[in-house]
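Peer 1: Structure incoming, see below.
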Amino acid sequence: MQCPECSTANPEVARFCYRCGHALKRADASKHGRNNSYVVQSSEGVNQLALISTIMPHTNRETADNYRWAMITSALLIVGATALGILSIAIASAAFLIPIAYLVYIYDVNLWEDAPVPVVLGLFAATGVLATLVSLVFFRWVFDSEFSTFVAGSGTRGGFGTLSVTALLIFAVLLPIVAEIVKNLFGCLLARRPEFDDMIDGLTFGVAAGTAYAAFETIVVFWSVFTSSEFRTTAGLSSWVVVIVNLMVVKSLIYGTASGIAVGAFSGKGEGYDGFTPHYVANFAFAAGANVVYWLGVRLFAYAPFGQVLGLLWGLLILGILVIRVRVSLQHALLEAAVEDAVRDHHTFRETGTETFCPECGNMLLPGSLFCIACGTSVRSTSHQARRDIRSTSGGGAA
Amino acid sequence: MSDQASDTTAPMPSGEGLFNFGKQKTIVMIVAGVVVVGGIGGLIGAMVGGGDDDKNVAAPGAGGSGILNPTPVGNTQPTPLETTEPTPQETTAPSPPPPGDGVTLGDGIATIPVPGGWNVLGQGDVDVLLGDDQGSWVYAIVGQEDPSTDAGSLLSQIVTDILPAENYSQLQLSEVSPIQPFGSMVSAAVVDYQALWVDSQGSMPLYGQLFVGIRQDGASLVMSAEHNPPEEFEASYSSWGPVIDGAYNAFASN
Ligand SMILES: [Zn+2]
Ligand SMILES: [Zn+2]
């Protein structure tokens, strides 16, 4: 059967073109065709609010479950520490939950085969140092009195009338933009390297840098929890639970996914990084804009009754939009790059070298595959070990 | 849900081969990592903070700031405001601004002075928020009560409105202390507090005093002065003291 999209000859049983991922069976295409089944994890739809397969595209359905359970267990422990009022434990672990899970993920899928420890820790540490500096400048050293206008006026005191527009612009517009630059900096540096120039790599660097930034910023802005004379707090814990859930899940993942979108655009689709193109600028603006909109909402809701909870819900809404955006971008990038490669008969080191099995569904992958013919999952989204096995006996190097 | 569309019957590759960690190891590593980081946080909290129970809120007055000290402020040290504007009826404006600027609240119930270095951060019909860019801020709100209301009990009622638990965590309050009223005030009280202010964007420890004065016509003036960092609250009195004193002197002279 010849693929109508790229003219590659496929086996008769193929549901998806092994080179470009196009849906070959009319029945497939109409029911849950290529436009709906996510190339990273074909059992999910593109527009499905699934977190793990979005930020951890190299997992398969089975391993994604491990991360899900690890994070749920950790989150319950953290909420437990909050309920006990031990805020220093809760803040520290909430700040680093997603970064820790992400570090384990990166090591698990062996994303950086050559020098994993220096590269991974370097990205986290360098972004963390800059995040700490930026947070100190904004919250302590330069704009501390502007921040204290939020302290002075929020809640039931004064209402919106007491909102300082200057402070709002500094902390909900200027800071998110500066922070986005910091989050992009080291991710983009790494994405320039030829071995990490795939869009999935860029996305991963962006998410890693974004969550690292969130963690260190959280430690700086909540430092007073560590210096507090009360080791155990007994009052106002319901409000702390909301704040901690916000830090642990919403802020961390908004920072991560937004930067993932921006750095992914820096990588661009296919091989080679795109760099500072209008496409990158647009996606950087989208990422910074998402952070601005998130913080504007949090700041404005703080003047309303149940402001913290409203801020949390607002963050979840923004996060949902970001998750969908990541999935749609990745879907298009993987499919478009594959079609281009297939049409040009270009071979990449990311395709399979020998007959092997799909990590997602267990069916056979043909030599030279970029997609599974049975489930349509992208080979680029498999773990690097799988990829190494896949091409271990191969001759499928770059043409 | 796996689609056995082709004739391959190969076993599903296990996570062991394709990933560095198995199921248990992934979960254990992440949870252990989170617990370790939490433990480090707890250790820092116990070493840097915790334990210093001597930082508790002192009783008002014991701090030595002496705001609204009944005898000196009301009688022996009349502010310029009292001398320039003894009664409101004589002018069209109920409360003309004191030397410098002032903010009039609630149709002239009170006028809050804005000394040099202070800014109006926000203003409504009955309330105003001032800040000095040095970590001090003053909030004032006026209302109407029954003239027989006791300032102390009013203070106990409104404390959670002015210091909502949603933001004022770890709130420690001193005993509510009555203040000898002066001028047209019939009842006054103060409470000291220390809190860790928190919201999703940050946190800030602070120390403050909350004042209530009720006038013979039932008008009430509630003011809070807060400062960050808390240790410097007393030292910051020279900045916010004149705002509080000036406002209550004007309030009591109406
Ligand atoms: Zn094709
Ligand atoms: Zn498959």
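Ordering of the structure tokens sets the chain letters (A, B, ...), residue numbers begin anew at 1 in every chain, and ligands are numbered from 1 in the order given.
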Sorted by chain and rising residue number, which residues of chain A lie within 6 Å of ligand 2, and what are their closest atom pairs and distances in Å to one decimal, counting only C-alpha atoms and all ligand atoms, as CSV?

Peer 2:
```
residue,atom,partner,partner_atom_place_in_ligand_line,distance
A:Cys358,CA,ligand 2,1 (Zn),4.5
A:Glu360,CA,ligand 2,1 (Zn),5.0
A:Cys361,CA,ligand 2,1 (Zn),4.1
A:Gly362,CA,ligand 2,1 (Zn),6.0
A:Asn363,CA,ligand 2,1 (Zn),5.5
A:Cys372,CA,ligand 2,1 (Zn),4.5
A:Ala374,CA,ligand 2,1 (Zn),5.2
A:Cys375,CA,ligand 2,1 (Zn),4.1
A:Gly376,CA,ligand 2,1 (Zn),6.0
A:Thr377,CA,ligand 2,1 (Zn),5.6
```

Peer 1: Could you report the residues within 8 Å of ligand 1, using only C-alpha atoms and all ligand atoms, as a list in words?

Peer 2: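 Checking only C-alpha atoms and all ligand atoms against ligand 1 at 8 Å gives Gln2, Cys3, Pro4, Glu5, Cys6, Ser7, Thr8, Phe16, Cys17, Tyr18, Arg19, Cys20, Gly21, His22, Val339 and Ala342 of chain A.
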
Peer 1: Go ahead and dump the residues you just picked, N, CA, C and O atoms, as an mmCIF file, in the first residue's frame.

Peer 2:
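Printed below is out11.cif as written:
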```
data_model
loop_
_atom_site.group_PDB
_atom_site.id
_atom_site.type_symbol
_atom_site.label_atom_id
_atom_site.label_comp_id
_atom_site.auth_asym_id
_atom_site.auth_seq_id
_atom_site.Cartn_x
_atom_site.Cartn_y
_atom_site.Cartn_z
ATOM 1 N N GLN A 2 0.574 2.156 -0.890
ATOM 2 C CA GLN A 2 1.401 3.352 -0.978
ATOM 3 C C GLN A 2 0.784 4.477 -0.146
ATOM 4 O O GLN A 2 -0.422 4.702 -0.177
ATOM 5 N N CYS A 3 1.655 5.139 0.624
ATOM 6 C CA CYS A 3 1.149 6.225 1.465
ATOM 7 C C CYS A 3 0.731 7.403 0.592
ATOM 8 O O CYS A 3 1.506 7.863 -0.244
ATOM 9 N N PRO A 4 -0.499 7.874 0.744
ATOM 10 C CA PRO A 4 -0.951 8.994 -0.084
ATOM 11 C C PRO A 4 -0.201 10.299 0.237
ATOM 12 O O PRO A 4 -0.167 11.212 -0.575
ATOM 13 N N GLU A 5 0.409 10.349 1.429
ATOM 14 C CA GLU A 5 1.064 11.590 1.843
ATOM 15 C C GLU A 5 2.501 11.675 1.307
ATOM 16 O O GLU A 5 2.927 12.694 0.814
ATOM 17 N N CYS A 6 3.261 10.541 1.462
ATOM 18 C CA CYS A 6 4.692 10.608 1.126
ATOM 19 C C CYS A 6 5.105 9.559 0.100
ATOM 20 O O CYS A 6 6.283 9.434 -0.209
ATOM 21 N N SER A 7 4.156 8.796 -0.392
ATOM 22 C CA SER A 7 4.400 7.798 -1.448
ATOM 23 C C SER A 7 5.275 6.633 -1.013
ATOM 24 O O SER A 7 5.746 5.868 -1.843
ATOM 25 N N THR A 8 5.523 6.467 0.277
ATOM 26 C CA THR A 8 6.293 5.320 0.742
ATOM 27 C C THR A 8 5.438 4.058 0.646
ATOM 28 O O THR A 8 4.237 4.101 0.945
ATOM 29 N N PHE A 16 -0.729 2.901 9.948
ATOM 30 C CA PHE A 16 -0.077 4.209 9.821
ATOM 31 C C PHE A 16 1.181 4.043 8.984
ATOM 32 O O PHE A 16 1.856 3.011 9.066
ATOM 33 N N CYS A 17 1.491 5.050 8.214
ATOM 34 C CA CYS A 17 2.695 5.028 7.393
ATOM 35 C C CYS A 17 3.910 5.011 8.310
ATOM 36 O O CYS A 17 4.011 5.845 9.212
ATOM 37 N N TYR A 18 4.827 4.074 8.077
ATOM 38 C CA TYR A 18 5.960 3.954 9.010
ATOM 39 C C TYR A 18 6.964 5.079 8.835
ATOM 40 O O TYR A 18 7.835 5.280 9.679
ATOM 41 N N ARG A 19 6.873 5.825 7.738
ATOM 42 C CA ARG A 19 7.806 6.920 7.526
ATOM 43 C C ARG A 19 7.226 8.278 7.959
ATOM 44 O O ARG A 19 7.919 9.089 8.557
ATOM 45 N N CYS A 20 5.979 8.542 7.640
ATOM 46 C CA CYS A 20 5.447 9.875 7.918
ATOM 47 C C CYS A 20 4.317 9.870 8.942
ATOM 48 O O CYS A 20 3.859 10.931 9.365
ATOM 49 N N GLY A 21 3.840 8.704 9.340
ATOM 50 C CA GLY A 21 2.834 8.658 10.395
ATOM 51 C C GLY A 21 1.416 8.907 9.929
ATOM 52 O O GLY A 21 0.487 8.940 10.738
ATOM 53 N N HIS A 22 1.209 9.074 8.639
ATOM 54 C CA HIS A 22 -0.115 9.343 8.101
ATOM 55 C C HIS A 22 -1.034 8.135 8.334
ATOM 56 O O HIS A 22 -0.616 6.993 8.226
ATOM 57 N N VAL A 339 7.169 13.897 7.367
ATOM 58 C CA VAL A 339 6.737 13.982 5.971
ATOM 59 C C VAL A 339 7.871 14.544 5.120
ATOM 60 O O VAL A 339 8.196 14.015 4.053
ATOM 61 N N ALA A 342 10.518 11.964 4.710
ATOM 62 C CA ALA A 342 10.070 10.860 3.860
ATOM 63 C C ALA A 342 10.057 11.287 2.399
ATOM 64 O O ALA A 342 10.515 10.551 1.522
#
```

Peer 1: Find the residues around Pro230 (chain B) up to 9 Å (only C-alpha atoms counted), leave out those fewer than 4 positions away in its own chain, and share them as a ChimeraX atom specification.

Peer 2: /B:194-195,205-208,226,234

Peer 1: For chain B, list the residues within 6 Å of chain A, counting only C-alpha atoms, and write the list as an NGL selection string.

Peer 2: :B and (2 or 12 or 18-21 or 23 or 27 or 30-31 or 34 or 37-38 or 41-42 or 45 or 48-50 or 52 or 121-123 or 133 or 135 or 165-166 or 169-170 or 200 or 202-203)

Peer 1: Dump N, CA and C atoms for the selected residues as a compact mmCIF listing (two decimals), in the first residue's frame?

Peer 2:
```
# COMPACT_ATOMS: atom_id res chain seq x y z
N SER B 2 -3.92 -2.86 23.16
CA SER B 2 -2.86 -2.96 22.17
C SER B 2 -3.42 -3.64 20.92
N MET B 12 5.46 -8.11 24.75
CA MET B 12 5.61 -6.66 24.95
C MET B 12 6.96 -6.41 25.62
N LEU B 18 13.98 -1.03 28.34
CA LEU B 18 13.95 0.24 27.62
C LEU B 18 14.26 1.42 28.52
N PHE B 19 14.20 1.22 29.80
CA PHE B 19 14.42 2.33 30.73
C PHE B 19 15.46 1.91 31.75
N ASN B 20 16.10 2.88 32.35
CA ASN B 20 17.14 2.55 33.32
C ASN B 20 16.56 1.95 34.59
N PHE B 21 15.35 2.38 34.95
CA PHE B 21 14.78 1.95 36.22
C PHE B 21 13.52 1.13 35.98
N LYS B 23 9.77 -0.30 37.69
CA LYS B 23 8.63 0.41 38.28
C LYS B 23 8.91 0.85 39.71
N ILE B 27 9.54 4.82 41.42
CA ILE B 27 8.70 5.39 42.48
C ILE B 27 9.54 5.64 43.73
N ILE B 30 11.91 8.74 43.34
CA ILE B 30 11.24 10.05 43.38
C ILE B 30 10.75 10.35 44.80
N VAL B 31 10.07 9.39 45.39
CA VAL B 31 9.53 9.63 46.73
C VAL B 31 10.68 9.86 47.72
N VAL B 34 12.10 13.33 47.27
CA VAL B 34 11.22 14.35 47.84
C VAL B 34 11.33 14.35 49.36
N VAL B 37 14.73 15.96 50.37
CA VAL B 37 14.70 17.43 50.24
C VAL B 37 13.82 18.03 51.34
N GLY B 38 12.68 17.39 51.60
CA GLY B 38 11.82 17.87 52.69
C GLY B 38 12.55 17.83 54.02
N GLY B 41 14.90 20.65 54.24
CA GLY B 41 14.12 21.86 54.54
C GLY B 41 13.75 21.93 56.01
N GLY B 42 13.31 20.79 56.55
CA GLY B 42 12.95 20.76 57.96
C GLY B 42 14.13 21.04 58.87
N GLY B 45 14.83 24.63 58.75
CA GLY B 45 13.81 25.31 59.54
C GLY B 45 14.07 25.18 61.02
N VAL B 48 17.74 27.30 61.58
CA VAL B 48 17.71 28.75 61.36
C VAL B 48 16.61 29.40 62.18
N GLY B 49 15.40 28.85 62.09
CA GLY B 49 14.28 29.43 62.83
C GLY B 49 14.07 28.67 64.10
N GLY B 50 12.85 28.20 64.28
CA GLY B 50 12.44 27.33 65.40
C GLY B 50 13.15 27.59 66.71
N ASP B 52 13.45 29.65 68.92
CA ASP B 52 13.53 30.98 69.54
C ASP B 52 12.15 31.41 70.02
N LEU B 121 -1.02 54.44 48.76
CA LEU B 121 -0.96 53.27 47.89
C LEU B 121 -2.31 52.95 47.29
N GLY B 122 -3.35 53.24 48.06
CA GLY B 122 -4.68 52.96 47.58
C GLY B 122 -5.67 53.69 48.45
N GLN B 123 -6.81 54.01 47.87
CA GLN B 123 -7.76 54.81 48.63
C GLN B 123 -9.18 54.48 48.21
N ASP B 133 7.79 53.18 51.64
CA ASP B 133 8.90 52.63 50.85
C ASP B 133 10.05 52.14 51.71
N GLY B 135 9.42 49.76 54.18
CA GLY B 135 8.93 48.56 54.85
C GLY B 135 7.83 48.81 55.86
N ALA B 165 -7.21 35.41 58.07
CA ALA B 165 -6.39 34.20 58.25
C ALA B 165 -5.85 33.69 56.92
N GLU B 166 -6.54 34.01 55.84
CA GLU B 166 -6.09 33.54 54.52
C GLU B 166 -4.68 34.03 54.22
N SER B 169 -0.82 34.26 58.29
CA SER B 169 -0.62 32.97 58.92
C SER B 169 0.30 33.14 60.13
N GLN B 170 0.30 32.15 60.98
CA GLN B 170 1.10 32.16 62.21
C GLN B 170 0.84 33.44 63.02
N SER B 200 0.25 33.15 47.10
CA SER B 200 0.90 32.22 46.18
C SER B 200 2.19 32.78 45.59
N GLY B 202 4.43 34.81 47.33
CA GLY B 202 5.52 35.03 48.27
C GLY B 202 5.03 35.07 49.70
N SER B 203 5.97 35.33 50.59
CA SER B 203 5.62 35.43 51.99
C SER B 203 6.47 36.52 52.61
```

Peer 1: What gap, in Å, lies between CA of Arg327 (chain A) and CA of Leu49 (chain A)?

Peer 2: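 Taking CA of Arg327 (chain A) as the start and CA of Leu49 (chain A) as the end point, the length is 9.3 Å.
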
Peer 1: Could you check how far CA of Gln209 (chain B) sits from CA of Asp107 (chain B), in Å to one decimal?

Peer 2: 25.5 Å

Peer 1: Set the distance at 7 Å and use only C-alpha atoms: which residues neighbour region 109-120 of chain B once local chain neighbours fewer than 2 positions away are removed? I'd like the list as a ChimeraX atom specification.

Peer 2: /B:95,98,100-107,122,129-132,219,243,246-247,250-251

Peer 1: For the residues selected in the previous step, produce a file with all heavy atoms as a tab-separated table (two decimals), in the first residue's frame.

Peer 2:
```tsv
chain	number	residue	atom	x	y	z
B	95	SER	N	-12.50	68.56	57.32
B	95	SER	CA	-11.17	68.40	57.89
B	95	SER	C	-10.15	68.85	56.87
B	95	SER	O	-9.84	68.10	55.96
B	95	SER	CB	-10.91	66.94	58.26
B	95	SER	OG	-11.38	66.68	59.55
B	98	PRO	N	-3.78	68.60	56.98
B	98	PRO	CA	-2.77	69.11	57.89
B	98	PRO	C	-1.62	69.66	57.06
B	98	PRO	O	-1.61	69.49	55.86
B	98	PRO	CB	-2.35	67.87	58.67
B	98	PRO	CG	-2.65	66.74	57.77
B	98	PRO	CD	-3.84	67.15	56.97
B	100	GLY	N	1.28	69.78	54.96
B	100	GLY	CA	1.59	68.65	54.10
B	100	GLY	C	0.27	68.15	53.55
B	100	GLY	O	-0.70	68.89	53.52
B	101	ASP	N	0.23	66.89	53.15
B	101	ASP	CA	-0.99	66.36	52.56
B	101	ASP	C	-1.74	65.52	53.56
B	101	ASP	O	-1.19	65.04	54.53
B	101	ASP	CB	-0.65	65.51	51.33
B	101	ASP	CG	-0.28	66.39	50.15
B	101	ASP	OD1	-0.91	67.45	50.01
B	101	ASP	OD2	0.66	66.02	49.41
B	102	GLY	N	-3.00	65.32	53.29
B	102	GLY	CA	-3.79	64.45	54.11
B	102	GLY	C	-4.87	63.82	53.28
B	102	GLY	O	-5.22	64.31	52.22
B	103	VAL	N	-5.39	62.70	53.76
B	103	VAL	CA	-6.46	62.00	53.06
B	103	VAL	C	-7.68	62.00	53.96
B	103	VAL	O	-7.61	61.59	55.11
B	103	VAL	CB	-6.05	60.55	52.75
B	103	VAL	CG1	-7.21	59.81	52.12
B	103	VAL	CG2	-4.83	60.52	51.85
B	104	THR	N	-8.78	62.48	53.45
B	104	THR	CA	-10.01	62.56	54.22
B	104	THR	C	-10.88	61.34	53.93
B	104	THR	O	-11.07	60.98	52.78
B	104	THR	CB	-10.77	63.84	53.87
B	104	THR	OG1	-9.89	64.94	54.10
B	104	THR	CG2	-12.00	63.99	54.73
B	105	LEU	N	-11.35	60.73	55.00
B	105	LEU	CA	-12.14	59.51	54.85
B	105	LEU	C	-13.55	59.70	55.36
B	105	LEU	O	-13.79	60.45	56.32
B	105	LEU	CB	-11.50	58.37	55.65
B	105	LEU	CG	-10.08	57.93	55.27
B	105	LEU	CD1	-9.61	56.82	56.19
B	105	LEU	CD2	-10.05	57.47	53.82
B	106	GLY	N	-14.50	59.01	54.73
B	106	GLY	CA	-15.87	58.94	55.21
B	106	GLY	C	-16.52	60.29	55.46
B	106	GLY	O	-17.00	60.55	56.56
B	107	ASP	N	-16.54	61.15	54.46
B	107	ASP	CA	-17.16	62.47	54.58
B	107	ASP	C	-16.60	63.25	55.76
B	107	ASP	O	-17.35	63.87	56.52
B	107	ASP	CB	-18.69	62.34	54.72
B	107	ASP	CG	-19.33	61.99	53.39
B	107	ASP	OD1	-18.73	62.33	52.35
B	107	ASP	OD2	-20.40	61.34	53.39
B	122	GLY	N	-3.35	53.24	48.06
B	122	GLY	CA	-4.68	52.96	47.58
B	122	GLY	C	-5.67	53.69	48.45
B	122	GLY	O	-5.39	53.98	49.62
B	129	LEU	N	-4.68	53.30	52.31
B	129	LEU	CA	-3.47	52.54	52.60
B	129	LEU	C	-2.27	53.40	52.24
B	129	LEU	O	-2.17	53.90	51.12
B	129	LEU	CB	-3.48	51.26	51.76
B	129	LEU	CG	-2.32	50.30	51.95
B	129	LEU	CD1	-2.33	49.69	53.34
B	129	LEU	CD2	-2.39	49.20	50.90
B	130	LEU	N	-1.39	53.58	53.21
B	130	LEU	CA	-0.20	54.39	52.99
B	130	LEU	C	1.05	53.53	53.16
B	130	LEU	O	1.06	52.61	53.96
B	130	LEU	CB	-0.13	55.54	54.02
B	130	LEU	CG	-1.36	56.41	54.21
B	130	LEU	CD1	-1.11	57.41	55.35
B	130	LEU	CD2	-1.68	57.17	52.93
B	131	GLY	N	2.08	53.89	52.43
B	131	GLY	CA	3.35	53.18	52.58
B	131	GLY	C	4.49	54.17	52.55
B	131	GLY	O	4.35	55.27	51.99
B	132	ASP	N	5.62	53.80	53.17
B	132	ASP	CA	6.75	54.74	53.21
B	132	ASP	C	7.95	54.26	52.41
B	132	ASP	O	9.02	54.86	52.50
B	132	ASP	CB	7.15	55.03	54.66
B	132	ASP	CG	7.89	53.86	55.29
B	132	ASP	OD1	7.86	52.75	54.73
B	132	ASP	OD2	8.52	54.05	56.35
B	219	ALA	N	-18.49	57.64	65.63
B	219	ALA	CA	-17.56	57.40	64.54
B	219	ALA	C	-16.38	56.57	65.05
B	219	ALA	O	-15.91	56.78	66.17
B	219	ALA	CB	-17.05	58.71	63.96
B	243	VAL	N	2.02	59.34	61.58
B	243	VAL	CA	0.78	59.12	60.82
B	243	VAL	C	-0.34	58.73	61.78
B	243	VAL	O	-1.44	59.28	61.75
B	243	VAL	CB	0.99	58.01	59.76
B	243	VAL	CG1	-0.28	57.80	58.95
B	243	VAL	CG2	2.16	58.36	58.85
B	246	GLY	N	-1.01	61.64	64.35
B	246	GLY	CA	-1.66	62.76	63.68
B	246	GLY	C	-3.11	62.45	63.36
B	246	GLY	O	-4.01	63.27	63.55
B	247	ALA	N	-3.36	61.22	62.89
B	247	ALA	CA	-4.72	60.84	62.51
B	247	ALA	C	-5.64	60.82	63.73
B	247	ALA	O	-6.76	61.34	63.69
B	247	ALA	CB	-4.70	59.47	61.83
B	250	ALA	N	-6.36	64.35	65.12
B	250	ALA	CA	-7.37	65.03	64.31
B	250	ALA	C	-8.74	64.43	64.56
B	250	ALA	O	-9.74	65.14	64.69
B	250	ALA	CB	-7.00	64.91	62.83
B	251	PHE	N	-8.77	63.11	64.67
B	251	PHE	CA	-10.04	62.39	64.88
B	251	PHE	C	-10.67	62.82	66.21
B	251	PHE	O	-11.88	63.08	66.29
B	251	PHE	CB	-9.73	60.90	64.88
B	251	PHE	CG	-10.90	59.99	65.11
B	251	PHE	CD1	-11.88	59.83	64.13
B	251	PHE	CD2	-11.02	59.25	66.29
B	251	PHE	CE1	-12.95	58.97	64.33
B	251	PHE	CE2	-12.09	58.39	66.49
B	251	PHE	CZ	-13.06	58.26	65.50
```

Peer 1: Quick check for you: according to DSSP on this backbone, which residues of region 23-118 of chain A are classed as helix (DSSP H, G or I)? Reply as a VMD selection string.

Peer 2: chain A and resid 26 to 32 52 to 55 61 to 83 87 to 108 116 to 118

Peer 1: Which residues come within 9 Å of Ile214 (chain B), counting only C-alpha atoms, excluding same-chain residues fewer than 5 positions away, as a ChimeraX atom specification?

Peer 2: /B:144-151,181,184-188,219-222,252

Peer 1: My list of candidates is A:Val79, A:Val119, A:Ala215, A:Val249. Which is closest to Leu190 (chain A) when distances are computed with only C-alpha atoms?

Peer 2: A:Val119
